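S.K.: Here it is, the structure, as structure tokens.
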Amino acid sequence: MPSAPVSLPPLPLLHERVSGWYAEAGRTHLPWREPDCSAWGVFLSEVMSQQTPLSRVEPAWREWMRRWPTPADLAAAPPGDAVRAWGRLGYPRRALRLHEAATVMVQRHGGEVPSTPEELLALPGVGAYTAAAVSCFAFGIPEVVVDTNVRRVLARTLEGKAFPNPTLNRAEMVLAAESMPADRDTANTWNVAVMELGALVCVARGPRCDDCPVADLCAWNVAGRPAYDGPPRRGQAWHGTDRQVRGELLRRLREAHHAVPLSGLEDSADDRVQVMRCLDSLVADGLVEPLSRSRYRLPA
DNA sequence: CACTCGTGGAG
DNA sequence: TCTCCAAGAGT
């Protein structure tokens, strides 16, 4: 059970303040927030935004929507085109899963994005967050949408903690569900508004409590913003990791628009054994296609 | 549950 | 410079 403060902020007031703030300060101009944006556009934005800042997502999203305006358009393209168009958004397996998801939409959903969380969860690359977000933002279904921003805002306002624990647990989902407005439309607005508050004001480093609409209601702020004291949050190693080498290999294959000989890849890192291991893992993931034992390309 | 999987901007 | 971390998912 989360250690809730002695008195929780009155939820209706919290809802009103956060939603009011969103109407004033939210990035309502983002293309996937336009009322006429298709469900496919919303779906695409959610997958692209997994672990990638929106500022980098928007240009790629516009290009993808211009090129593949429907699931069928993407499904008809070679998966390698999706991987190349993914560019430097990071975690390129997301591009592959997006292509697979588009294929499933064509094969089993009449070329449409499914609307229920259950159907969405069955799609590759879609987890609890994305399923809830697409249901809510594209179809107006008031699911419990919990991402890193929501987790942080709730940890602070309701639990009085600087950060949530490293892993999302059941108690947190219950807390998020209980903090939602009962009314459908109000709940949908709350979902996007609280997420936006976490993205713009209640940020991880250097939260701008002076600009926060609920600073006077926030358990963490009222308590004097005590430092995080939970279990250590693991950092992300980078230099010398397989991720770095995989990234370098894929960068070369993206930029070459034809098959690349092994000689053009093997110096992607100092350790040749590591390079070959990473190349094999990219092939196993379906991100790279071996034409022979010595020529590689993005999958056709 | 703990770990892996890219990339780049901010402080 | 270096650390942190971002609309997470899959194993």
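Ordered as shown in the structure tokens, chains take letters A, B, and onward, while each chain numbers its residues from 1 and ligands are numbered from 1 in the order shown.
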Contacts between chain C and chain A, please, where a residue of chain A counts if it comes within 6 Å (with only C-alpha atoms (C1' of nucleotides)); show its shortest atom pair and distance in Å to one decimal, rows by chain and ascending number, as CSV.
M.R.:
residue,atom,partner,partner_atom,distance
A:Ser49,CA,C:DA7,C1',5.3
A:Gln50,CA,C:DG8,C1',5.3
A:Gln51,CA,C:DA6,C1',5.0
A:Thr52,CA,C:DA6,C1',5.3
A:Pro53,CA,C:DA6,C1',5.2
A:Gly127,CA,C:DA9,C1',6.0
S.K.: With only C-alpha atoms (C1' of nucleotides) as the counted atoms, please give the residues lying no more than 9 Å from DC5 (chain B), apart from itself and same-chain residues fewer than 6 positions off, as a ChimeraX atom specification.
M.R.: /A:91-93,243
S.K.: What would the file look like if the residues just selected were written as a PDB file, in the first residue's frame with N, CA, C and O atoms?
M.R.:
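In the end it all went to again36.pdb:
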ATOM      1  N   TYR A  91      15.637   2.967 -30.063  1.00  0.00           N
ATOM      2  CA  TYR A  91      14.897   1.710 -29.926  1.00  0.00           C
ATOM      3  C   TYR A  91      14.202   1.347 -31.228  1.00  0.00           C
ATOM      4  O   TYR A  91      12.956   1.305 -31.320  1.00  0.00           O
ATOM      5  N   PRO A  92      14.962   1.035 -32.276  1.00  0.00           N
ATOM      6  CA  PRO A  92      14.395   0.816 -33.608  1.00  0.00           C
ATOM      7  C   PRO A  92      13.465  -0.386 -33.710  1.00  0.00           C
ATOM      8  O   PRO A  92      12.734  -0.512 -34.687  1.00  0.00           O
ATOM      9  N   ARG A  93      13.482  -1.256 -32.709  1.00  0.00           N
ATOM     10  CA  ARG A  93      12.526  -2.359 -32.757  1.00  0.00           C
ATOM     11  C   ARG A  93      11.095  -1.829 -32.742  1.00  0.00           C
ATOM     12  O   ARG A  93      10.167  -2.511 -33.183  1.00  0.00           O
ATOM     13  N   ARG A 243      24.176  -1.962 -26.827  1.00  0.00           N
ATOM     14  CA  ARG A 243      23.232  -0.999 -27.382  1.00  0.00           C
ATOM     15  C   ARG A 243      23.943   0.025 -28.242  1.00  0.00           C
ATOM     16  O   ARG A 243      23.457   0.423 -29.307  1.00  0.00           O
TER      17      ARG A 243
END
S.K.: If you count only C-alpha atoms (C1' of nucleotides), which residues fall within 7 Å of region 7-11 of chain B, apart from same-chain ones fewer than 6 positions away, as a count of residues only?
M.R.: 3
S.K.: Which residues of chain A come within 12 Å of chain B, and what is each one's closest atom pair and distance in Å (one decimal), counting only C-alpha atoms (C1' of nucleotides), sorted by chain and residue number, as a Markdown table?
M.R.:
| residue | atom | partner | partner_atom | distance |
| --- | --- | --- | --- | --- |
| A:Gln50 | CA | B:DG6 | C1' | 11.5 |
| A:Gln51 | CA | B:DG6 | C1' | 9.5 |
| A:Thr52 | CA | B:DT7 | C1' | 8.2 |
| A:Pro53 | CA | B:DG9 | C1' | 9.2 |
| A:Leu54 | CA | B:DG9 | C1' | 11.8 |
| A:Ser55 | CA | B:DG9 | C1' | 10.0 |
| A:Arg56 | CA | B:DG8 | C1' | 9.1 |
| A:Val57 | CA | B:DT7 | C1' | 11.8 |
| A:Trp86 | CA | B:DG6 | C1' | 11.3 |
| A:Gly87 | CA | B:DT7 | C1' | 10.0 |
| A:Arg88 | CA | B:DT7 | C1' | 6.3 |
| A:Leu89 | CA | B:DT7 | C1' | 6.3 |
| A:Gly90 | CA | B:DG6 | C1' | 3.7 |
| A:Tyr91 | CA | B:DG6 | C1' | 4.7 |
| A:Pro92 | CA | B:DG6 | C1' | 7.3 |
| A:Arg93 | CA | B:DC5 | C1' | 8.1 |
| A:Arg94 | CA | B:DC5 | C1' | 9.9 |
| A:Pro166 | CA | B:DA2 | C1' | 10.8 |
| A:Thr167 | CA | B:DC1 | C1' | 8.9 |
| A:Leu168 | CA | B:DC1 | C1' | 11.0 |
| A:Asn169 | CA | B:DC1 | C1' | 10.8 |
| A:Val203 | CA | B:DA10 | C1' | 11.8 |
| A:Ala204 | CA | B:DA10 | C1' | 11.4 |
| A:Arg205 | CA | B:DG11 | C1' | 8.4 |
| A:Gly206 | CA | B:DG11 | C1' | 8.8 |
| A:Arg233 | CA | B:DA2 | C1' | 11.9 |
| A:Arg234 | CA | B:DA2 | C1' | 10.4 |
| A:Gly235 | CA | B:DC3 | C1' | 11.9 |
| A:Gln236 | CA | B:DT4 | C1' | 10.2 |
| A:Ala237 | CA | B:DT4 | C1' | 10.9 |
| A:Trp238 | CA | B:DG6 | C1' | 9.5 |
| A:Thr241 | CA | B:DT4 | C1' | 10.6 |
| A:Asp242 | CA | B:DC5 | C1' | 9.2 |
| A:Arg243 | CA | B:DC5 | C1' | 6.7 |
| A:Gln244 | CA | B:DG6 | C1' | 7.5 |
| A:Val245 | CA | B:DG6 | C1' | 10.1 |
| A:Arg246 | CA | B:DG6 | C1' | 8.6 |
| A:Gly247 | CA | B:DG6 | C1' | 6.3 |
| A:Glu248 | CA | B:DG6 | C1' | 9.7 |
| A:Leu249 | CA | B:DG6 | C1' | 11.7 |
| A:Leu250 | CA | B:DG6 | C1' | 10.2 |
| A:Arg251 | CA | B:DG6 | C1' | 10.5 |
| A:Cys278 | CA | B:DC5 | C1' | 11.9 |
| A:Ser281 | CA | B:DC5 | C1' | 11.2 |
| A:Leu282 | CA | B:DC5 | C1' | 11.0 |
| A:Asp285 | CA | B:DC5 | C1' | 10.8 |
S.K.: State, in Å with one decimal place, the distance from CA of Ala269 (chain A) to CA of Leu291 (chain A).
M.R.: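 Taking CA of Ala269 (chain A) and CA of Leu291 (chain A), their separation equals 21.9 Å.
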